[in-house]
Amino acid sequence: MSAEATTDSSPSLENCAPLVPTQHRRDGRGGVSEVTLDLKPLNPSSKYVKLNVGGSLHYTTVQTLTKQDTMLKAMFSGRMEVLTDSEGWILIDRSGRHFGTILNYLRDGSVSLPESQRELEEVLCEARYYLIQGLVEDCQLALQQKSEAYDPLCHIPMVTSPKEEQQIISRCSKPVVKLLHNRSNNKYSYTSNSDDNLLKNIELFDKLALRFNGRVLFIKDVLGDEICCWSFYGQGRKIAEVCCTSIVYATEKKQTKVEFPEARIFEETLNILIYETPRVPDKALLEATGGVAGGGGGPLRAGDDEDGREHRVRRIHVRRHIMHDERPHGHQAVFKD
């Protein structure tokens, strides 16, 4: 129960006397009682009001309820009907979970907001219902700051099946980068530096996941058919792929070679930020593309931005990977892009 103890004199109620219904019973046919309600002004000398908000009981003053221009002021200034129960509690058909927060804001002009985003949204909903504009703005600002703050933890989902992978990518609103590494897929021996390169790919994945945490979803797959392969997704579809393995003929037998195309991987990670919503200026991306923060290229004509976006999307839609070369023994492998 929320209560406000104050010795201040009640405000003048000449123009804002609340209407409280009184009950009159008359017997109907069959002995059934019928209730009619007549609204009468509250006694101007009464300072206190008992509120029953969805079963949550609050005790406050008319002064608090009429302090700001809200729906509560309209209720207690005669502009709206108010209903009471048999014990004199004024009924408000609304959840009372956050009504204490509403009252505290009306009393002080500010209030401590909950940390949980869900509770913040609930308080915002109540503030909009009661038409408390100041509290609405405070809640919206808190939600905006919470959305801009990055999670201090970096979560990396591990794919357990192709179906789960598809669900994660299709439901994610962020760009997605997936690293598939499955060393057991190899049926040949590795070249001398393949193990080191495989480890470098995994280390780069961890660094990129930390660098773009909160903006890009990074996932790992250790069950796929490739030995080491990067995939980049935007808006639920694959945009580019960098396969880091190839077959070489350095000896009489075939060997598997794992590459570490660091520059290409980093480039595709920057390209995938095009699909970020909302798009956030990135210093590394601006430097890599020769852009200037703030968009100093002058005003764009109508349609220029859309055309430029389509051009870049078409460019990065090209499937990029190192082709496996199956040349006869004695020929060096040729990597195509």
# chains A, B, ... in the order shown; residues from 1 in each chain; ligands from 1
>>> residues_around(residues="Val159 in chain A", least_positions_apart="2", cutoff="7 Å", atoms="only C-alpha atoms", output="ChimeraX atom specification")
/A:157,161,164-165,220-221
>>> closest_atom_pairs(of="range 133-216 of chain A", to="range 103-117 of chain A", cutoff="12 Å", atoms="only C-alpha atoms", output="Markdown table")
| residue | atom | partner | partner_atom | distance |
| --- | --- | --- | --- | --- |
| A:Gln133 | CA | A:Tyr105 | CA | 11.1 |
| A:Gly134 | CA | A:Gly109 | CA | 8.1 |
| A:Leu135 | CA | A:Tyr105 | CA | 7.3 |
| A:Val136 | CA | A:Tyr105 | CA | 11.0 |
| A:Glu137 | CA | A:Ser110 | CA | 11.2 |
| A:Asp138 | CA | A:Leu113 | CA | 8.6 |
| A:Cys139 | CA | A:Leu113 | CA | 7.6 |
| A:Gln140 | CA | A:Gln117 | CA | 10.8 |
| A:Leu141 | CA | A:Leu113 | CA | 11.0 |
| A:Ala142 | CA | A:Leu113 | CA | 8.2 |
| A:Leu143 | CA | A:Gln117 | CA | 6.9 |
| A:Gln144 | CA | A:Gln117 | CA | 10.2 |
| A:Gln145 | CA | A:Gln117 | CA | 10.7 |
| A:Lys146 | CA | A:Gln117 | CA | 7.7 |
| A:Ser147 | CA | A:Gln117 | CA | 9.1 |
>>> closest_residue(among="A:Leu51, A:Thr66, A:Gly234, A:His155", to="Leu210 in chain A", atoms="only C-alpha atoms")
A:His155
>>> select_by_dssp(residues="range 50-251 of chain A", states="strand (DSSP E)", output="NGL selection string")
:A and (50-53 or 56-61 or 83-84 or 90-92 or 158-159 or 176-181 or 189-190 or 217-221 or 228-234 or 237-243 or 245-248)
>>> residues_around(residues="Lys73 in chain A", least_positions_apart="6", cutoff="10 Å", atoms="only C-alpha atoms", output="VMD selection string")
chain A and resid 16 18 62 to 67 79 to 80 130 to 131
>>> residues_around(residues="Ser194 in chain A", least_positions_apart="4", cutoff="6 Å", atoms="only C-alpha atoms", output="list in words")
Tyr190, Lys257 and Val258 of chain A
>>> write_last_selection(atoms="N, CA and C atoms", output="CSV table (one decimal), in the first residue's frame")
chain,number,residue,atom,x,y,z
A,190,TYR,N,47.9,-32.9,-43.6
A,190,TYR,CA,48.0,-31.5,-43.7
A,190,TYR,C,49.4,-31.0,-44.1
A,257,LYS,N,45.6,-28.1,-47.5
A,257,LYS,CA,46.2,-26.9,-47.0
A,257,LYS,C,45.2,-25.9,-46.5
A,258,VAL,N,45.4,-25.4,-45.2
A,258,VAL,CA,44.6,-24.5,-44.6
A,258,VAL,C,45.2,-23.1,-44.7
>>> residues_around(residues="Tyr233 in chain A", least_positions_apart="6", cutoff="6 Å", atoms="only C-alpha atoms", output="list of chain:residue names")
A:Pro175, A:Val176, A:Ile239
>>> residues_around(residues="Thr256 in chain A", least_positions_apart="5", cutoff="8 Å", atoms="only C-alpha atoms", output="ChimeraX atom specification")
/A:186,188-191,194,245-248
